[in-house]
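As structure tokens, the structure follows; a few thoughts come after it.
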Amino acid sequence: MAAVFLGVSGIPAAQDAKQNRTLIINGQSTQVPVIQMNGRSYVDLEALASAVNGSLSFAGSQVAFSVPIGSATAAPAGAAAKPASTPASEQVSNPGFSRGFLNAATEEGATLREWHAALATTIENGYPLTAAALAPYRSQATTNLRLASVAVSTDSDRSAYQLLSNLFQNMGKLADKYVAARANMTYISPDALQNDNLNQRLMACGRSLSAMAASGQFVDDGSCN
């Protein structure tokens with residue numbers, strides 16, 4: 001995966017772009033490389049995520065960078081950990097998403113978006129719409145949902161998985177609805193999805209899950225129920 005860089009403020013600029021610098025987090029030295037370019041300093045996001053015991057995931061044009069609860073006081077990887085400010089009882093009941101589940105759920109979300117995009121493109125352009133044409137997307141989404149279920153390891157994972165499963169089910173219903181309509185020779189307007197209540201619910205659920213992935217915490221706003 002190509003390296004992605006995040007600008008870091010507060011690091012003095014240097015004239016030599018190849019000059020090596022050490023990034024210090026909470027007083028602890030790390031192995032995160034600092035690259036200087038055009039008077040600005042950058043760090044490798046993947047290395048930074050590893051240093052703070054966080055997670056990094058990609059979905060289309062979005063990059064989700066998540067850190068565990070209490071990360072503001074957490075030491076970098078390899079250093080002695082400092083106590084988290086969050087009460088122990090809260091940590092147990094809501095520890096956030098595990099890295100494995102977050103990655104698997106992100107993959108499922110990307111596959112569902114591809115499935116939805118294929119359906120939307122077909123409808124908007126009046127292309128032939130059949131179950132066979134959409135079958136590869138359904139199959140991959142089914143596989144990725146199963147992988148997400150296997151990765152569940154926290155209460156937040158478990159709760160989010162249920163909503164992700166709801167999103168999958170509704171995407172299937174939406175696709176089946178228009179495949180059946182086309183099979184019955186029913187006219188489908190190019191802008192049909194824009195006025196479809198099920199599609200609007202689907203989009204709202206997708207945005208809600210994306211926000212959860214970005215924050216690293218489960219928050220049910222009811223849009224996926």
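Convention: chains lettered A, B, ... in structure tokens order; per-chain residue numbering from 1; ligands numbered from 1 as shown.
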Review point. Could you write out, as a ChimeraX atom specification, all the residues of region 122-187 of chain A that DSSP marks as alpha helix (DSSP H)?
Key: /A:122-125,131-151,155-183
With C-alpha atoms kept, could you save the residues just selected as a PDB file, in the first residue's frame?
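So again-v2.pdb came out as:
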```pdb
ATOM      1  CA  THR A 122     -27.382   0.624 -14.573  1.00  0.00           C
ATOM      2  CA  ILE A 123     -30.591   2.418 -13.635  1.00  0.00           C
ATOM      3  CA  GLU A 124     -29.397   5.909 -14.573  1.00  0.00           C
ATOM      4  CA  ASN A 125     -28.230   4.773 -18.010  1.00  0.00           C
ATOM      5  CA  ALA A 131     -29.585 -10.632 -11.039  1.00  0.00           C
ATOM      6  CA  ALA A 132     -26.673 -12.250 -12.869  1.00  0.00           C
ATOM      7  CA  ALA A 133     -25.095  -8.858 -13.620  1.00  0.00           C
ATOM      8  CA  LEU A 134     -25.102  -7.940  -9.925  1.00  0.00           C
ATOM      9  CA  ALA A 135     -24.278 -11.430  -8.625  1.00  0.00           C
ATOM     10  CA  PRO A 136     -20.481 -10.853  -8.311  1.00  0.00           C
ATOM     11  CA  TYR A 137     -21.088  -7.839  -6.033  1.00  0.00           C
ATOM     12  CA  ARG A 138     -23.563  -9.760  -3.859  1.00  0.00           C
ATOM     13  CA  SER A 139     -21.170 -12.701  -3.619  1.00  0.00           C
ATOM     14  CA  GLN A 140     -18.210 -10.549  -2.566  1.00  0.00           C
ATOM     15  CA  ALA A 141     -20.334  -8.615  -0.068  1.00  0.00           C
ATOM     16  CA  THR A 142     -21.538 -11.923   1.424  1.00  0.00           C
ATOM     17  CA  THR A 143     -17.944 -13.123   1.798  1.00  0.00           C
ATOM     18  CA  ASN A 144     -16.752  -9.862   3.361  1.00  0.00           C
ATOM     19  CA  LEU A 145     -19.682  -9.797   5.779  1.00  0.00           C
ATOM     20  CA  ARG A 146     -18.725 -13.297   6.911  1.00  0.00           C
ATOM     21  CA  LEU A 147     -15.130 -12.160   7.443  1.00  0.00           C
ATOM     22  CA  ALA A 148     -16.380  -9.224   9.504  1.00  0.00           C
ATOM     23  CA  SER A 149     -18.421 -11.596  11.686  1.00  0.00           C
ATOM     24  CA  VAL A 150     -15.342 -13.711  12.357  1.00  0.00           C
ATOM     25  CA  ALA A 151     -13.358 -10.601  13.341  1.00  0.00           C
ATOM     26  CA  ASP A 155     -19.060  -5.305  22.373  1.00  0.00           C
ATOM     27  CA  SER A 156     -18.705  -2.397  19.936  1.00  0.00           C
ATOM     28  CA  ASP A 157     -17.709  -4.823  17.174  1.00  0.00           C
ATOM     29  CA  ARG A 158     -20.757  -6.936  17.898  1.00  0.00           C
ATOM     30  CA  SER A 159     -23.148  -3.985  17.873  1.00  0.00           C
ATOM     31  CA  ALA A 160     -21.670  -2.509  14.707  1.00  0.00           C
ATOM     32  CA  TYR A 161     -21.744  -5.876  12.968  1.00  0.00           C
ATOM     33  CA  GLN A 162     -25.510  -6.047  13.436  1.00  0.00           C
ATOM     34  CA  LEU A 163     -25.900  -2.662  11.747  1.00  0.00           C
ATOM     35  CA  LEU A 164     -23.494  -3.690   8.990  1.00  0.00           C
ATOM     36  CA  SER A 165     -25.578  -6.810   8.463  1.00  0.00           C
ATOM     37  CA  ASN A 166     -28.702  -4.634   8.231  1.00  0.00           C
ATOM     38  CA  LEU A 167     -26.966  -2.527   5.584  1.00  0.00           C
ATOM     39  CA  PHE A 168     -26.129  -5.670   3.604  1.00  0.00           C
ATOM     40  CA  GLN A 169     -29.697  -6.943   3.840  1.00  0.00           C
ATOM     41  CA  ASN A 170     -31.157  -3.618   2.694  1.00  0.00           C
ATOM     42  CA  MET A 171     -28.733  -3.422  -0.219  1.00  0.00           C
ATOM     43  CA  GLY A 172     -29.936  -6.856  -1.282  1.00  0.00           C
ATOM     44  CA  LYS A 173     -33.575  -5.775  -1.004  1.00  0.00           C
ATOM     45  CA  LEU A 174     -32.892  -2.649  -3.050  1.00  0.00           C
ATOM     46  CA  ALA A 175     -31.172  -4.602  -5.816  1.00  0.00           C
ATOM     47  CA  ASP A 176     -33.859  -7.307  -5.866  1.00  0.00           C
ATOM     48  CA  LYS A 177     -36.589  -4.655  -6.070  1.00  0.00           C
ATOM     49  CA  TYR A 178     -35.257  -3.148  -9.295  1.00  0.00           C
ATOM     50  CA  VAL A 179     -34.230  -6.468 -10.830  1.00  0.00           C
ATOM     51  CA  ALA A 180     -37.823  -7.682 -10.326  1.00  0.00           C
ATOM     52  CA  ALA A 181     -39.243  -4.460 -11.745  1.00  0.00           C
ATOM     53  CA  ARG A 182     -37.132  -4.768 -14.873  1.00  0.00           C
ATOM     54  CA  ALA A 183     -38.045  -8.464 -15.245  1.00  0.00           C
TER      55      ALA A 183
END
```
Revision key, fill the gap. In Å and to one decimal, CA of Thr106 (chain A) is distant from CA of Asn197 (chain A) by 24.5 Å
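In terms of minimum interatomic distance to Leu48 (chain A), A:Gln31 ranks closest within A:Thr22, A:Gln36, A:Gln31, A:Gln200, counting only C-alpha atoms.
With CA of Arg207 (chain A) on one side and CA of Ile188 (chain A) on the other, the separation reads 25.9 Å.
Across the model, the gap from CA of Ala118 (chain A) to CA of Met212 (chain A) is 24.9 Å.
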